[in-house]
>>> print(open('entry_5.cif').read())   # mmCIF, C-alpha atoms
data_model
loop_
_atom_site.label_atom_id
_atom_site.label_comp_id
_atom_site.auth_asym_id
_atom_site.auth_seq_id
_atom_site.Cartn_x
_atom_site.Cartn_y
_atom_site.Cartn_z
CA MET O 1486 -19.25 -7.75 0.68
CA SER O 1487 -16.19 -6.17 -0.96
CA ALA O 1488 -13.05 -5.21 0.93
CA LEU O 1489 -12.98 -1.84 2.62
CA ASP O 1490 -11.57 0.84 0.27
CA LEU O 1491 -10.69 3.56 2.77
CA THR O 1492 -7.78 5.98 2.49
CA PHE O 1493 -6.90 8.21 5.43
CA VAL O 1494 -5.02 11.40 4.53
CA LEU O 1495 -3.21 13.30 7.29
CA GLY O 1496 -1.16 16.46 7.24
CA GLY O 1497 -0.61 19.79 8.89
CA ALA O 1498 -2.37 23.05 8.11
CA ARG O 1499 -1.78 24.04 4.48
CA SER O 1500 0.19 20.85 3.84
CA GLY O 1501 -1.76 20.04 0.69
CA LYS O 1502 -3.73 17.19 2.24
CA SER O 1503 -7.11 18.35 0.93
CA ALA O 1504 -5.74 18.95 -2.56
CA PHE O 1505 -4.20 15.46 -2.51
CA ALA O 1506 -7.49 13.88 -1.40
CA GLU O 1507 -9.35 15.83 -4.10
CA ARG O 1508 -6.88 14.54 -6.72
CA LEU O 1509 -7.52 10.97 -5.56
CA ALA O 1510 -11.26 11.49 -5.91
CA GLY O 1511 -10.99 13.24 -9.26
CA GLN O 1512 -8.65 10.65 -10.74
CA SER O 1513 -10.96 7.81 -9.73
CA GLY O 1514 -13.34 8.51 -12.61
CA LEU O 1515 -16.25 7.84 -10.26
CA PRO O 1516 -19.08 10.14 -9.20
CA VAL O 1517 -17.89 12.07 -6.14
CA THR O 1518 -19.72 13.20 -3.03
CA TYR O 1519 -17.82 15.76 -0.99
CA VAL O 1520 -18.82 15.65 2.67
CA ALA O 1521 -17.96 19.04 4.16
CA THR O 1522 -17.72 19.19 7.94
CA ALA O 1523 -17.17 22.93 8.50
CA ALA O 1524 -19.99 24.70 10.25
CA VAL O 1525 -20.91 27.88 8.43
CA SER O 1526 -20.53 30.74 10.86
CA ASP O 1527 -21.01 34.48 10.71
CA GLU O 1528 -17.26 35.07 10.88
CA PRO O 1529 -16.17 36.67 7.57
CA GLU O 1530 -12.86 34.79 7.52
CA MET O 1531 -14.54 31.38 7.91
CA ARG O 1532 -17.22 32.25 5.36
CA ALA O 1533 -14.46 33.22 2.90
CA ARG O 1534 -12.62 29.94 3.52
CA ILE O 1535 -15.77 27.91 2.89
CA ALA O 1536 -16.57 29.91 -0.26
CA HIS O 1537 -13.04 29.30 -1.55
CA HIS O 1538 -13.35 25.55 -0.94
CA ARG O 1539 -16.75 25.42 -2.64
CA ALA O 1540 -15.44 27.32 -5.67
CA SER O 1541 -12.38 25.10 -6.02
CA ARG O 1542 -14.35 21.84 -6.27
CA PRO O 1543 -15.58 20.56 -9.63
CA ALA O 1544 -19.16 21.67 -10.29
CA HIS O 1545 -20.30 18.11 -11.01
CA TRP O 1546 -19.31 16.89 -7.54
CA HIS O 1547 -22.21 16.57 -5.13
CA THR O 1548 -21.58 18.37 -1.83
CA VAL O 1549 -23.20 17.49 1.48
CA GLU O 1550 -22.62 19.80 4.44
CA VAL O 1551 -22.82 17.61 7.49
CA GLY O 1552 -23.60 18.62 11.03
CA ARG O 1553 -22.85 16.33 13.91
CA ASP O 1554 -24.21 13.13 12.31
CA LEU O 1555 -21.24 12.18 10.14
CA ALA O 1556 -21.88 8.44 10.47
CA GLY O 1557 -25.51 8.82 9.37
CA THR O 1558 -24.52 11.02 6.44
CA LEU O 1559 -21.95 8.47 5.31
CA ARG O 1560 -24.50 5.65 5.45
CA ASP O 1561 -26.77 7.80 3.26
CA VAL O 1562 -24.23 8.76 0.58
CA ALA O 1563 -21.75 5.87 0.29
CA ARG O 1564 -22.47 3.28 -2.38
CA ASP O 1565 -20.62 0.96 -4.75
CA GLY O 1566 -19.16 2.67 -7.79
CA HIS O 1567 -19.02 5.99 -5.96
CA TYR O 1568 -16.31 8.05 -4.23
CA VAL O 1569 -16.90 9.86 -0.93
CA LEU O 1570 -14.43 12.49 0.29
CA ILE O 1571 -14.78 13.63 3.91
CA ASP O 1572 -12.99 16.93 4.64
CA CYS O 1573 -12.16 17.16 7.49
CA LEU O 1574 -12.27 15.45 10.90
CA PRO O 1575 -10.87 18.40 12.92
CA LEU O 1576 -13.77 20.65 11.95
CA TRP O 1577 -16.27 17.88 12.71
CA LEU O 1578 -14.65 17.42 16.13
CA ALA O 1579 -14.83 21.18 16.73
CA GLY O 1580 -18.58 21.01 16.11
CA TRP O 1581 -18.83 18.49 18.96
CA LEU O 1582 -16.41 19.98 21.46
CA CYS O 1583 -16.68 23.69 20.63
CA PRO O 1584 -20.10 24.17 19.02
CA PRO O 1585 -21.38 27.63 18.11
CA ASP O 1586 -23.07 29.38 21.01
CA ALA O 1587 -26.45 28.87 19.36
CA HIS O 1588 -26.12 25.05 19.27
CA PRO O 1589 -28.88 23.66 21.52
CA GLU O 1590 -26.92 20.65 22.80
CA GLY O 1591 -23.69 22.42 23.75
CA PRO O 1592 -20.34 20.64 23.97
CA ALA O 1593 -20.29 16.85 24.02
CA SER O 1594 -19.56 15.00 27.23
CA ASP O 1595 -16.74 12.47 27.15
CA ALA O 1596 -19.24 9.59 27.07
CA GLN O 1597 -21.27 11.16 24.28
CA TRP O 1598 -18.16 11.89 22.18
CA HIS O 1599 -16.75 8.39 22.65
CA GLY O 1600 -20.10 6.92 21.56
CA VAL O 1601 -20.03 9.08 18.43
CA VAL O 1602 -16.49 7.92 17.61
CA ASP O 1603 -17.52 4.29 18.10
CA ALA O 1604 -20.46 4.82 15.74
CA LEU O 1605 -18.20 6.42 13.12
CA ASP O 1606 -15.70 3.57 13.40
CA ARG O 1607 -18.44 0.95 12.92
CA THR O 1608 -19.83 2.89 9.98
CA LEU O 1609 -16.47 3.29 8.26
CA ALA O 1610 -15.93 -0.48 8.56
CA SER O 1611 -19.08 -1.22 6.59
CA LEU O 1612 -19.19 1.43 3.88
CA PRO O 1613 -19.35 0.45 0.21
CA GLY O 1614 -17.50 2.34 -2.51
CA LYS O 1615 -14.30 4.32 -2.20
CA ILE O 1616 -13.84 6.56 0.83
CA VAL O 1617 -11.14 9.12 1.63
CA VAL O 1618 -11.03 10.85 5.01
CA VAL O 1619 -8.94 13.98 5.60
CA SER O 1620 -7.60 15.05 8.99
CA ASN O 1621 -4.97 17.28 10.54
CA GLU O 1622 -1.99 15.86 12.34
CA ILE O 1623 -1.74 18.38 15.15
CA GLY O 1624 0.34 16.37 17.58
CA LEU O 1625 3.63 17.64 16.17
CA GLY O 1626 3.36 21.16 17.53
CA VAL O 1627 3.52 22.90 20.86
CA ILE O 1628 1.75 21.58 23.93
CA PRO O 1629 -1.58 23.41 24.08
CA MET O 1630 -2.49 25.67 26.96
CA GLY O 1631 -5.92 25.35 28.49
CA ALA O 1632 -8.13 22.38 29.25
CA LEU O 1633 -10.37 22.70 26.19
CA THR O 1634 -7.45 22.94 23.79
CA ARG O 1635 -5.73 19.95 25.40
CA ARG O 1636 -8.97 17.96 25.20
CA TYR O 1637 -9.34 18.88 21.52
CA VAL O 1638 -5.77 17.79 20.70
CA ASP O 1639 -6.16 14.58 22.71
CA GLU O 1640 -9.49 13.66 21.13
CA LEU O 1641 -8.31 14.42 17.59
CA GLY O 1642 -5.21 12.29 18.19
CA ARG O 1643 -7.36 9.40 19.43
CA LEU O 1644 -9.80 9.82 16.53
CA ASN O 1645 -6.93 9.84 14.02
CA GLN O 1646 -5.55 6.65 15.57
CA ARG O 1647 -8.95 4.92 15.27
CA VAL O 1648 -9.38 5.89 11.62
CA ALA O 1649 -5.76 5.00 10.77
CA ALA O 1650 -6.21 1.56 12.38
CA ARG O 1651 -9.36 1.00 10.32
CA ALA O 1652 -8.00 2.31 7.00
CA PRO O 1653 -6.07 -0.05 4.70
CA LYS O 1654 -4.22 3.00 3.27
CA VAL O 1655 -2.83 5.98 5.21
CA ARG O 1656 -1.00 8.88 3.57
CA PHE O 1657 0.86 11.72 5.29
CA VAL O 1658 1.16 14.94 3.28
CA VAL O 1659 4.01 17.38 3.83
CA ALA O 1660 4.57 20.43 1.57
CA GLY O 1661 2.19 18.94 -0.99
CA LEU O 1662 4.00 15.59 -1.12
CA ALA O 1663 2.17 12.45 0.00
CA MET O 1664 4.08 9.72 1.78
CA ALA O 1665 2.73 6.23 2.26
CA VAL O 1666 2.43 5.43 5.96
CA LYS O 1667 0.32 2.29 5.57
CA GLY O 1668 -0.77 0.22 2.58
#
>>> encode(input="entry_5.cif", output="structure tokens")
Amino acid sequence: MSALDLTFVLGGARSGKSAFAERLAGQSGLPVTYVATAAVSDEPEMRARIAHHRASRPAHWHTVEVGRDLAGTLRDVARDGHYVLIDCLPLWLAGWLCPPDAHPEGPASDAQWHGVVDALDRTLASLPGKIVVVSNEIGLGVIPMGALTRRYVDELGRLNQRVAARAPKVRFVVAGLAMAVKG
């Protein structure tokens, strides 16, 4: 088995982290699968954001819109000689902790969420090919008000720490500039 080729890209909102991750994928010269984690909703603003992201990606990239089963999707799409870009962990977490009202399972319990994170960590450790994971660093801002918001910030911080520990390369993007944090 080859060494894990995982890059974790962190940054704030509109920091340029997604554009940086897309450049990495595009410059690789490999076939790219873009794993989109945003749940399509009926909100016009979110639909417009998703449409903008879709339009900005190269037409030859394969896009997979994932629901809650990110680990299963990654096992299906990752392969040697291929690049997988996951954008982004905060939206995937939102689907677990703050699902749309119509979601049959509702919000994840702590035990369920921790099991999902464990499964993702195990999956990331064993994936072939090149992988880049994008996430927001939201721990630099104000202390959130409300239990759900605090849980979201806490769980995203823990998830980011798990992925950063697993990834040989971590980049932090500020104002479109990527800084090497690890590797």
>>> resolve_selection(input="entry_5.cif", expression="the PyMOL selection byres ((chain O and resi 1665-1668) around 8)", output="list in words")
Pro1653, Lys1654, Val1655, Arg1656, Phe1657, Ala1663 and Met1664 of chain O
>>> resolve_selection(input="entry_5.cif", expression="the PyMOL selection byres ((chain O and resi 1566-1568) around 9)", output="PDB file with C-alpha atoms, keeping the file's coordinate frame")
ATOM      1  CA  ALA O1510     -11.260  11.490  -5.910  1.00  0.00           C
ATOM      2  CA  GLY O1511     -10.990  13.240  -9.260  1.00  0.00           C
ATOM      3  CA  SER O1513     -10.960   7.810  -9.730  1.00  0.00           C
ATOM      4  CA  GLY O1514     -13.340   8.510 -12.610  1.00  0.00           C
ATOM      5  CA  LEU O1515     -16.250   7.840 -10.260  1.00  0.00           C
ATOM      6  CA  PRO O1516     -19.080  10.140  -9.200  1.00  0.00           C
ATOM      7  CA  VAL O1517     -17.890  12.070  -6.140  1.00  0.00           C
ATOM      8  CA  THR O1518     -19.720  13.200  -3.030  1.00  0.00           C
ATOM      9  CA  TYR O1519     -17.820  15.760  -0.990  1.00  0.00           C
ATOM     10  CA  VAL O1562     -24.230   8.760   0.580  1.00  0.00           C
ATOM     11  CA  ALA O1563     -21.750   5.870   0.290  1.00  0.00           C
ATOM     12  CA  ARG O1564     -22.470   3.280  -2.380  1.00  0.00           C
ATOM     13  CA  ASP O1565     -20.620   0.960  -4.750  1.00  0.00           C
ATOM     14  CA  VAL O1569     -16.900   9.860  -0.930  1.00  0.00           C
ATOM     15  CA  LEU O1570     -14.430  12.490   0.290  1.00  0.00           C
ATOM     16  CA  PRO O1613     -19.350   0.450   0.210  1.00  0.00           C
ATOM     17  CA  GLY O1614     -17.500   2.340  -2.510  1.00  0.00           C
ATOM     18  CA  LYS O1615     -14.300   4.320  -2.200  1.00  0.00           C
ATOM     19  CA  ILE O1616     -13.840   6.560   0.830  1.00  0.00           C
ATOM     20  CA  VAL O1617     -11.140   9.120   1.630  1.00  0.00           C
TER      21      VAL O1617
END
>>> atom_distance(input="entry_5.cif", atom1="CA of Glu1507 (chain O)", atom2="CA of Pro1584 (chain O)")
26.8 Å
>>> closest_atom_pairs(input="entry_5.cif", of="region 1543-1579 of chain O", to="region 1502-1506 of chain O", cutoff="10 Å", atoms="only C-alpha atoms", output="Markdown table")
| residue | atom | partner | partner_atom | distance |
| --- | --- | --- | --- | --- |
| O:Leu1570 | CA | O:Ala1506 | CA | 7.3 |
| O:Ile1571 | CA | O:Ala1506 | CA | 9.0 |
| O:Asp1572 | CA | O:Ser1503 | CA | 7.1 |
| O:Cys1573 | CA | O:Ser1503 | CA | 8.4 |
>>> resolve_selection(input="entry_5.cif", expression="the PyMOL selection byres ((chain O and resi 1554) around 12)", output="list in words")
Val1520, Ala1521, Thr1522, Val1549, Glu1550, Val1551, Gly1552, Arg1553, Leu1555, Ala1556, Gly1557, Thr1558, Leu1559, Arg1560, Asp1561, Trp1577, Leu1578, Gly1580, Trp1581, Trp1598, Gly1600, Val1601, Val1602, Ala1604, Leu1605 and Thr1608 of chain O
>>> atom_distance(input="entry_5.cif", atom1="CA of Arg1508 (chain O)", atom2="CA of Arg1607 (chain O)")
26.5 Å
>>> axis_aligned_box(input="entry_5.cif", around="region 1554-1569 of chain O", padding_each_side="4 Å", output="lines of an AutoDock Vina configuration file")
center_x = -21.5
center_y = 7.0
center_z = 2.3
size_x = 18.5
size_y = 20.2
size_z = 28.1
>>> atom_distance(input="entry_5.cif", atom1="CA of Leu1582 (chain O)", atom2="CA of Val1618 (chain O)")
19.6 Å
>>> closest_atom_pairs(input="entry_5.cif", of="region 1486-1568 of chain O", to="region 1629-1648 of chain O", cutoff="10 Å", atoms="only C-alpha atoms", output="CSV")
residue,atom,partner,partner_atom,distance
O:Leu1491,CA,O:Val1648,CA,9.2
O:Thr1492,CA,O:Val1648,CA,9.3
O:Phe1493,CA,O:Val1648,CA,7.1
O:Val1494,CA,O:Asn1645,CA,9.8
O:Leu1495,CA,O:Asn1645,CA,8.4
>>> closest_residue(input="entry_5.cif", among="O:Ala1544, O:Ala1610, O:Val1619, O:Ala1533", to="Ala1650 (chain O)", atoms="all atoms listed in the file")
O:Ala1610
>>> closest_residue(input="entry_5.cif", among="O:Ala1649, O:Ala1523, O:Leu1509, O:Leu1609", to="Arg1539 (chain O)", atoms="all atoms listed in the file")
O:Ala1523
>>> decode(input="entry_5.cif", residues="region 1533-1578 of chain O", atoms="C-alpha atoms", output="compact mmCIF listing (two decimals), in the first residue's frame")
# COMPACT_ATOMS: atom_id res chain seq x y z
CA ALA O 1533 -27.36 30.39 -5.81
CA ARG O 1534 -24.18 29.53 -3.89
CA ILE O 1535 -24.32 25.91 -5.03
CA ALA O 1536 -25.00 26.96 -8.64
CA HIS O 1537 -22.00 29.31 -8.52
CA HIS O 1538 -19.74 26.54 -7.20
CA ARG O 1539 -20.97 24.11 -9.85
CA ALA O 1540 -20.39 26.64 -12.63
CA SER O 1541 -16.88 27.48 -11.43
CA ARG O 1542 -15.61 23.89 -11.57
CA PRO O 1543 -14.10 22.47 -14.75
CA ALA O 1544 -16.71 20.61 -16.79
CA HIS O 1545 -14.55 17.48 -17.00
CA TRP O 1546 -14.46 17.05 -13.21
CA HIS O 1547 -16.85 14.44 -11.89
CA THR O 1548 -19.06 15.77 -9.07
CA VAL O 1549 -20.65 13.65 -6.37
CA GLU O 1550 -23.11 15.31 -4.00
CA VAL O 1551 -22.85 13.40 -0.77
CA GLY O 1552 -25.40 13.13 1.98
CA ARG O 1553 -24.45 11.88 5.40
CA ASP O 1554 -22.33 8.92 4.22
CA LEU O 1555 -19.08 10.72 3.43
CA ALA O 1556 -16.90 7.74 4.38
CA GLY O 1557 -18.86 5.40 2.09
CA THR O 1558 -18.72 7.89 -0.77
CA LEU O 1559 -14.96 8.24 -0.38
CA ARG O 1560 -14.49 4.46 -0.44
CA ASP O 1561 -16.49 4.41 -3.69
CA VAL O 1562 -14.66 7.21 -5.52
CA ALA O 1563 -11.04 7.17 -4.31
CA ARG O 1564 -8.57 5.20 -6.39
CA ASP O 1565 -4.92 5.28 -7.43
CA GLY O 1566 -4.10 7.80 -10.13
CA HIS O 1567 -7.11 9.91 -9.17
CA TYR O 1568 -7.68 13.12 -7.17
CA VAL O 1569 -10.59 13.54 -4.75
CA LEU O 1570 -11.51 16.99 -3.42
CA ILE O 1571 -13.94 17.12 -0.49
CA ASP O 1572 -15.53 20.55 0.01
CA CYS O 1573 -16.33 21.03 2.84
CA LEU O 1574 -16.49 19.48 6.32
CA PRO O 1575 -18.57 22.26 7.95
CA LEU O 1576 -21.49 21.69 5.59
CA TRP O 1577 -21.25 17.93 6.11
CA LEU O 1578 -21.31 18.48 9.88
